[in-house]
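Let me begin by presenting the structure, written as structure tokens, before commenting on it.
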Amino acid sequence: MAQKPIREYDGKRLFAENWDNYFKGLKYPFESVLVRSGEELLKKAGEPGYEWLKQKPLVAKPDMLFGKRGKNNLVLFKINKPGDVTLEDAAKWIDEKRKNKVKVYSKFEGDKPVGEPKEDYLTYFIVEPFTPHSEDEEYYIAAASLDENYDVLYMSAHGGMEVEENWDKVTEVKIPIDASDEEIEKLIKENIPADIPEDKKDVYANFAINFYKFFRDLNFAYLEINPVVIKDDKVYLLDLVARLDDTAGFLMKEKWGDIEFPTPFGMPEKSKEEKAIAEADAKSGASLKLTVLNPKGRIWTLVAGGGASVVYADTIADLAGGVEDLANYGEYSGGPTTDETRFYTETVLDLMTREKDPQGRDKILIIGGAIANFTDVAKTFKGIIQAFEKYADRMKDVGVRIYVRRGGPNYEKGLKDIKEAAERLGLPIKVYGPETHITDIVRIALEDDKKGAK
Amino acid sequence: MSNALFTRDTQAIFWNNNKSAIQRMLDYDYVIKREKPSVAAIVAPTSSAKFEKFFFGTDEVMIPIYKSTAEAVKNHPNADVLLNFASFRTAYDVTNEALDMDQFRVIMITAEGIPERLARLMNKKARKKGVTIIGPATVGAITPGAFKVANIGGTIENIVKSKLHRPGSAGLVTRSGGLFNELSNIIALNADGIAEGVAIGGDRFVGSTFIDHMLRMEKNPQVKYMILLGEVGGREEYKVIEAIKEGKITKPVIGWCIGTIAKHFDSGVQFGHAGASANADEETAEAKNRAMKEAGIHVPDNFNDLPHVIRGVYEQLKGEGVIKDIEEPEVPPIPEDYSKALAAGKIRKPRNFVCTISDDRGEEAVYAGIPISAVATPDTGYSIGDVITLLWFKKRYPKWATDFIETVIKTVADHGPAVSGAHNAKVTARAGKSVVESLVTGLLTIGPRFGGAIDGAAKYFKYAYDKGMSPVEFVNYMKKQGIPIPGIGHRIKSVRNPDKRVEGLKKYAKEFFPATPLLDYALEVEKVTTSKKENLILNVDGTIGILMVDMWRVLGYTEKEINEFIESGALNAFFILGRSIGFIGHILDEKRLGMPMYRHPWDDILYQVEKAEEL
């Protein structure tokens, strides 16, 4: 769907796996493991290829798509002095950290946290060798795709935790997206930050040019290494943040390998229902989306179309005076089959009818949509009706009032069918076609609240 | 061409044979009385067809299909719009190639999920070449009364209701395709429709944006005011605000950004399209609505109030005389699609064919009402004999009868390579022809002289028996007619050297048939004939024909029904079916042996050719 963050570990793995194609003449000693517990780390240390876990001093940190880990005090690099962390220390630290929820701040003024923290469990950790280096070996490099015409490459001689404070020392190079290799090389070489030492300029430029090509060819949307440490011909990627354009997945099967797009830290894990809809979506040519905003909410939406689903959500917030009542956000579109609509509706109805409104009010089901371009309304409504038949008793138990508004191919039949079905099942329903403004059913539903006194 | 996106002469090349979308374009053309269809050609690389037929009103037109865009471009040099309906996997390649051809002025791309880098590359190339890209991830654009892209506007009924069939006064730009339709409807209900509309597409990187189209609409005298429906995310609306401030846009603008809901939630919830995610405070719907209002754009308090604002602006412009009354054009009725009208129970037609034995329309095809799966596997208890009686006679026969039928088929399956049918099949197979060709040459010999005695025996023996002729009377009757009795006589076999196949059939019938009156009669006739000549025995064809009649009688068929079976060739059919097994065996044998073409030797032919007389 869009630009999606990936784990630091996966970002480094992509570098390692594609290194020789891009960074000839430079070496990247890829030593990195991703673990969920101390036990897993200890086990990993016994596997061939991971002897370094026992031999080298280590660094451990959570790998869960948030930054400022140093300032949040979530990087283990010393017990008494930097570089004295053993395998057992790291394992112990990981188990301590994952025991309880932790608070993570995303903004700092100096060392002081600002704003509201996110709170969640730490579940993934990356463990790597401690790389002793001096501050003047720490560089910064990043690239981003924000503009339609060019990418931006950010370069600085001053990497590390304070890069934002030192943003004036960062050189930004705009690289036209259709630039040739020669143009890219010329642009980057001309813009190497002046404060990079003369004897390091060539190796840094060489790294930066290939970094950009790697960024471009692997369809990154954002890629930042801070710091990157360059010692002779060795490159150490100490900290990495990356987002991939997941629409390129079909082109990148080989280069990306088995990539994961995890739920970010602090975001509630997707519910069983949301996952089921996401799975159905992935299998279907149509689009099925569901986000539960408030399972105890009173107003549930079953809306066709990406744009329409947004205006319904907007209107509910505007007319109901906030989003407390809004239970879900979602949409189905692109001509779903009757079965797909039935499954989608059943999922929503199941969530909606689990408990009564604590204040005893009716629940409202908004079956909305714009005037469809090509989706057959009667066909999709058939799936909704099948779900009604299954859930009618439960809907009556919690007191569901239904409001329908839809237009498009075969809408007359769709509206007639759904009205008849609801009436046959004893479900209160109001049905409107394209002559009624798309979101007006929200207003009607809320006015009925006042009239119906519930 | 500078001011309107499309004219009544605009023609498109449609990449992908999306029949329903193309049909909708042609329905639109018919309604607005275009002279030429708006689709000049279709590109479908995997199609083997040279053209596709579409309705144009009640008539049909042919639209050529090409395997490549290059070919289509060469043959249709005036088609300057490409409707790229390729999937997200190929849409970039199709666009990129089309840009190199320098024929297209507008390229519309429908695919959603083109990799962002590819989308940016193709958009940039198009901008350099001055080509307007609409999309990706869009339903397209429309210039009412002139040209409509694919599915935009929905069904033809909705198009007329939404007044998209003739130019109105509003210029409409939206991100969402679904809401484009909705807005057209709102504008038709509250104002006089639109002069031009574009859904720019929901992806983060689209080829042309609001400002590109609104600057064009500013110069289009048909457009009296503009309506912009934006979304949370991106900065496109600010470019419009800039243009208003700089005086580049002077016509009244109504604007609204959807996605005000996003302020209530963390950034984690993706509302709407891929492009719809605010990266900064200015990109929220709230901020953009506020900024638009400050720039003098007409902004409603919420989406539900948008219709009132549109009505207000429209009526003001009308009051000022900027907008004049529109004379509504006459709309020719679009004939309803046959399948739709039929489903609605509005039409009927007499059927040309009738079928009473099987039906393939339901969940599973049925043989005489019984699903195939209920007869196919051994555990169903149905044999091939049952299947034959279901499909040939629409009844399930008792086991003694189906066993008899299977016995017959097994009995007649083959009789060696020398008989005329097998010989023909072998010669044809050796000429290199296929199984089906070789089989039919064999089957074509079946008739009165080969296999036909089954029919004849049944017919004559039944006739004699029904007339109450004694065996002697019957033999005399046939002699008088000058017809050898069908089913009597064998080349080699005789009373003393009986045909084992006949013995078997007779034994089975005696044991399992409840009664065999006609066989009993035939055996009496045989006594008469064999008393004259040893080899005038009841042969296998005769036995089968006669026993079939006995079987049907016992099963309760009327004489009339049995006569109909005989007349329709049902008896011969058992021979055709059975013997096909043998013929196929001979054909496969020839193929296996790889025998060469057969040529009959001269010394086996008596040549006696005399010079033709001249008349």
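Naming works like this for the structure tokens: A, B, ... for the chains as they're shown, residue 1 at the start of each chain, ligands 1 onward in shown order.
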Contact residues around region 249-264 of chain A with only C-alpha atoms at 7 Å, ignoring same-chain residues under 4 positions, as a PDB file with C-alpha atoms, in the first residue's frame:
```pdb
ATOM      1  CA  LYS A   4       6.540   0.782   5.346  1.00  0.00           C
ATOM      2  CA  PRO A   5       9.220   0.686   8.041  1.00  0.00           C
ATOM      3  CA  ILE A   6      11.400  -2.406   8.416  1.00  0.00           C
ATOM      4  CA  LEU A  14      19.750  -6.226   2.867  1.00  0.00           C
ATOM      5  CA  MET A  64      11.087  -2.268  16.993  1.00  0.00           C
ATOM      6  CA  LEU A  65      10.923   0.621  14.553  1.00  0.00           C
ATOM      7  CA  GLU A 269      -1.324  -5.581  17.635  1.00  0.00           C
TER       8      GLU A 269
END
```
Per-residue nearest contacts of chain B to chain A (8 Å; only C-alpha atoms) as CSV:
```
residue,atom,partner,partner_atom,distance
B:Arg89,CA,A:Phe250,CA,7.7
B:Gly113,CA,A:Thr247,CA,5.3
B:Ile114,CA,A:Thr247,CA,6.2
B:Pro115,CA,A:Ala248,CA,4.6
B:Glu116,CA,A:Asp245,CA,6.8
B:Arg117,CA,A:Asn219,CA,7.0
B:Arg120,CA,A:Glu148,CA,5.5
B:Leu121,CA,A:Asp178,CA,6.4
B:Lys124,CA,A:Asn149,CA,6.6
B:Asn151,CA,A:Asn373,CA,5.9
B:Ile152,CA,A:Asn373,CA,6.2
B:Gly153,CA,A:Asn373,CA,6.1
B:Gly154,CA,A:Asn373,CA,3.8
B:Thr155,CA,A:Pro409,CA,5.9
B:Asn158,CA,A:Gly408,CA,7.0
B:Ser176,CA,A:Gly307,CA,5.5
B:Gly177,CA,A:Gly307,CA,7.7
B:Gly178,CA,A:Ala370,CA,6.0
B:Leu179,CA,A:Gly307,CA,6.0
B:Asn181,CA,A:Ile371,CA,5.9
B:Glu182,CA,A:Ala370,CA,5.5
B:Asn185,CA,A:Pro434,CA,7.5
B:Ile186,CA,A:His437,CA,7.2
B:Leu189,CA,A:Glu435,CA,7.9
B:Phe205,CA,A:Glu148,CA,6.3
B:Ile258,CA,A:Val311,CA,5.9
B:Gly259,CA,A:Val310,CA,5.7
B:Thr260,CA,A:Asp314,CA,5.5
B:Ile261,CA,A:Asp314,CA,4.7
B:His264,CA,A:Val323,CA,7.0
B:Gly268,CA,A:Met267,CA,7.1
B:Val269,CA,A:Thr291,CA,7.5
B:Phe271,CA,A:Val310,CA,6.3
B:Gly272,CA,A:Gly306,CA,4.8
B:His273,CA,A:Gly306,CA,6.4
B:Ala274,CA,A:Ala2,CA,5.7
B:Asn302,CA,A:Asp318,CA,7.0
B:Phe303,CA,A:Thr315,CA,6.6
B:Asn304,CA,A:Thr439,CA,6.0
```
Could you check how far CA of Phe125 (chain A) sits from CA of Pro82 (chain A), in Å to one decimal?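 That distance, rounded to one decimal, is 19.1 Å.
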I want to know what sits within 12 Å of region 236-243 of chain B, based on only C-alpha atoms, with residues of the same chain fewer than 5 positions away left out; could you give that as a PyMOL selection string? (chain A and resi 147-148) or (chain B and resi 173-175+200+204-206+208-215+218+226-231+248-251+253-258+275-276+282-285+287-298)
One number please: CA of Ile194 (chain B) to CA of Ile310 (chain B), in Å, one decimal.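 That distance, rounded to one decimal, is 11.8 Å.
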Can you pull out every residue within 10 Å of region 400-403 of chain B, counting only C-alpha atoms, but drop anything in the same chain fewer than 4 positions away, and send it as a list in words?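 Those residues are Tyr382, Ser383, Ile384, Gly385, Asp386, Val387, Ile388, Thr389, Arg396, Thr407, Val408, Ile409, Tyr508, Ala509, Glu511, Phe512, Phe513, Pro514, Met548, Met551, Trp552, Val554 and Leu555 of chain B.
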Hey, what's within 7 Å of Arg311 (chain B) if we count only C-alpha atoms and toss same-chain stuff fewer than 4 positions away? As an MDAnalysis selection string, please? chainID B and resid 190:191 307 315
Could you pull out the strand (DSSP E) residues of region 150-370 of chain B from DSSP and send them as a PyMOL selection string? chain B and resi 170-174+194-199+225-231+253-258+358-359+366-367+370
Long-range neighbours of Gly594 (chain B) as number ranges by chain, 8 Å cut-off, only C-alpha atoms, 3 positions minimum in chain: B: 430, 590-591
Minimum-distance residue to Asp397 (chain A), chosen among A:Ala445, A:Leu238, A:Val303, A:Met352 (using only C-alpha atoms):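 Residue with the minimum atom-to-atom distance to Asp397 (chain A): A:Met352.
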If you count only C-alpha atoms, which residues fall within 12 Å of Asp232 (chain A), apart from same-chain ones fewer than 5 positions away, as a list in words? Gly25, Leu26, Lys27, Tyr28, Glu137, Asp199, Lys200, Lys201, Asp202, Val203, Tyr204 and Phe207 of chain A
